[in-house]
Amino acid sequence: MKKIISIVCSLFLLASLSFAQSSDSDEDEESAPKPGFNIGGINEPGDQFIKLGLMPTFPMNFDGALLVGGAGSVGYNRFLTNWFAVGAEVDFGYHPTIGSNIFTYVPILVGATVQPAFGKFEFPVSVWIGGALENYMSKNYFPGLVVKSTAGIFFRATPTWSFGADFVFTYMPQWYSDSEYNDYGIFLSAEVAARYHF
């Protein structure tokens with residue numbers, strides 16, 4: 001009788017252990033990113049990231065008066081769903097002119113991002129809007145409207161870091177009470193960026 005009880009207890013213990021291992025592996029499979037295309041990637045609501053980027057900027061409509069410049073950006077985003085995030089960004093950009101002067105601008109933007117994913121690759125598409133302080137030859141223009149859209153590709157190297165590139169379109173109009181002086185700038189940029197996820 002003792003042998004039967006010990007055999008039954010041993011079988012029960014083995015069954016419990018194998019069930020626990022299969023449950024753990026099922027949970028690991030569910031939490032691991034699925035291969036293939038998925039809208040959510042590996043983010044969950046409440047996840048956040050900080051992005052740092054550097055880019056050359058190319059003026060598209062100044063007939064050579066503005067030369068190729070550069071810009072940097074610092075941004076914060078928070079996911080509301082596993083594929084949709086909102087955030088804020090501050091940029092700093094400059095362009096030399098043919099007269100050896102410098103045009104500078106500091107946009108402060110808010111925006112929204114949709115980010116589908118394929119395995120560890122993420123494809124953020126964002127729209128931003130805000131105002132900028134613009135300066136040229138001691139003349140300031142504020143607030144200058146800034147509308148920016150980006151499309152990028154990032155590789156999630158670790159759970160906390162992703163690296164990639166964004167292609168950026170920026171529209172910056174200047175409107176005056178005398179419409180004869182109205183102007184607008186169109187810029188294209190290629191940004192290299194790192195994102196810290198937490």
# chains A, B, ... in the order shown; residues from 1 in each chain; ligands from 1
$ residues_around --residues "Val74 in chain A" --least-positions-apart "6" --cutoff "9 Å" --atoms "only C-alpha atoms" --output "list of chain:residue names"
A:Ile50, A:Lys51, A:Leu52, A:Gly53, A:Ala88, A:Glu89, A:Val90, A:Asp91
$ residues_around --residues "Trp128 in chain A" --least-positions-apart "4" --cutoff "10 Å" --atoms "only C-alpha atoms" --output "PDB file with N, CA and C atoms, in the first residue's frame"
ATOM      1  N   VAL A  86       1.585  59.210 -28.557  1.00  0.00           N
ATOM      2  CA  VAL A  86       1.579  60.667 -28.643  1.00  0.00           C
ATOM      3  C   VAL A  86       2.829  61.180 -27.941  1.00  0.00           C
ATOM      4  N   GLY A  87       3.271  62.389 -28.302  1.00  0.00           N
ATOM      5  CA  GLY A  87       4.483  62.879 -27.682  1.00  0.00           C
ATOM      6  C   GLY A  87       4.778  64.327 -27.984  1.00  0.00           C
ATOM      7  N   ALA A  88       5.961  64.751 -27.574  1.00  0.00           N
ATOM      8  CA  ALA A  88       6.446  66.111 -27.779  1.00  0.00           C
ATOM      9  C   ALA A  88       7.904  66.038 -28.210  1.00  0.00           C
ATOM     10  N   GLU A  89       8.338  67.078 -28.924  1.00  0.00           N
ATOM     11  CA  GLU A  89       9.701  67.085 -29.469  1.00  0.00           C
ATOM     12  C   GLU A  89      10.214  68.512 -29.538  1.00  0.00           C
ATOM     13  N   ILE A 108       9.169  73.723 -31.247  1.00  0.00           N
ATOM     14  CA  ILE A 108       8.618  72.937 -30.138  1.00  0.00           C
ATOM     15  C   ILE A 108       7.327  72.329 -30.658  1.00  0.00           C
ATOM     16  N   LEU A 109       7.259  70.997 -30.695  1.00  0.00           N
ATOM     17  CA  LEU A 109       6.201  70.306 -31.428  1.00  0.00           C
ATOM     18  C   LEU A 109       5.476  69.282 -30.558  1.00  0.00           C
ATOM     19  N   VAL A 110       4.215  69.034 -30.891  1.00  0.00           N
ATOM     20  CA  VAL A 110       3.470  67.898 -30.340  1.00  0.00           C
ATOM     21  C   VAL A 110       3.017  67.063 -31.525  1.00  0.00           C
ATOM     22  N   GLY A 111       2.847  65.756 -31.301  1.00  0.00           N
ATOM     23  CA  GLY A 111       2.495  64.917 -32.439  1.00  0.00           C
ATOM     24  C   GLY A 111       1.975  63.566 -32.047  1.00  0.00           C
ATOM     25  N   ALA A 112       1.652  62.793 -33.063  1.00  0.00           N
ATOM     26  CA  ALA A 112       1.124  61.440 -32.908  1.00  0.00           C
ATOM     27  C   ALA A 112       1.872  60.509 -33.845  1.00  0.00           C
ATOM     28  N   THR A 113       2.040  59.271 -33.403  1.00  0.00           N
ATOM     29  CA  THR A 113       2.796  58.266 -34.153  1.00  0.00           C
ATOM     30  C   THR A 113       2.006  56.977 -34.258  1.00  0.00           C
ATOM     31  N   VAL A 146       5.145  75.396 -37.584  1.00  0.00           N
ATOM     32  CA  VAL A 146       5.952  74.298 -38.113  1.00  0.00           C
ATOM     33  C   VAL A 146       5.061  73.063 -38.215  1.00  0.00           C
ATOM     34  N   VAL A 147       5.029  72.457 -39.388  1.00  0.00           N
ATOM     35  CA  VAL A 147       4.338  71.186 -39.596  1.00  0.00           C
ATOM     36  C   VAL A 147       5.381  70.199 -40.116  1.00  0.00           C
ATOM     37  N   LYS A 148       5.451  69.050 -39.471  1.00  0.00           N
ATOM     38  CA  LYS A 148       6.496  68.090 -39.816  1.00  0.00           C
ATOM     39  C   LYS A 148       5.888  66.695 -39.894  1.00  0.00           C
ATOM     40  N   SER A 149       6.322  65.926 -40.878  1.00  0.00           N
ATOM     41  CA  SER A 149       5.916  64.518 -40.951  1.00  0.00           C
ATOM     42  C   SER A 149       7.175  63.677 -41.109  1.00  0.00           C
ATOM     43  N   THR A 150       7.151  62.487 -40.495  1.00  0.00           N
ATOM     44  CA  THR A 150       8.307  61.594 -40.550  1.00  0.00           C
ATOM     45  C   THR A 150       7.854  60.172 -40.849  1.00  0.00           C
ATOM     46  N   THR A 170       9.542  68.943 -43.578  1.00  0.00           N
ATOM     47  CA  THR A 170       9.186  70.056 -42.693  1.00  0.00           C
ATOM     48  C   THR A 170       8.697  71.243 -43.517  1.00  0.00           C
TER      49      THR A 170
END
$ closest_residue --among "A:Phe142, A:Tyr196, A:Tyr105, A:Phe49" --to "Arg78 in chain A" --atoms "only C-alpha atoms"
A:Phe49
$ residues_around --residues "range 95-103 of chain A" --least-positions-apart "2" --cutoff "12 Å" --atoms "only C-alpha atoms" --output "ChimeraX atom specification"
/A:56-59,62-71,92-93,105-106,133-141,185,187
$ atom_distance --atom1 "CA of Phe79 in chain A" --atom2 "CA of Glu44 in chain A"
6.9 Å
$ atom_distance --atom1 "CA of Ile129 in chain A" --atom2 "CA of Pro159 in chain A"
29.3 Å
$ residues_around --residues "Phe154 in chain A" --least-positions-apart "6" --cutoff "8 Å" --atoms "only C-alpha atoms" --output "list in words"
Phe121, Glu122, Phe123, Pro124, Ser162, Phe163, Gly164 and Ala165 of chain A
$ closest_residue --among "A:Tyr176, A:Trp161, A:Tyr94, A:Phe167" --to "Val125 in chain A" --atoms "only C-alpha atoms"
A:Phe167
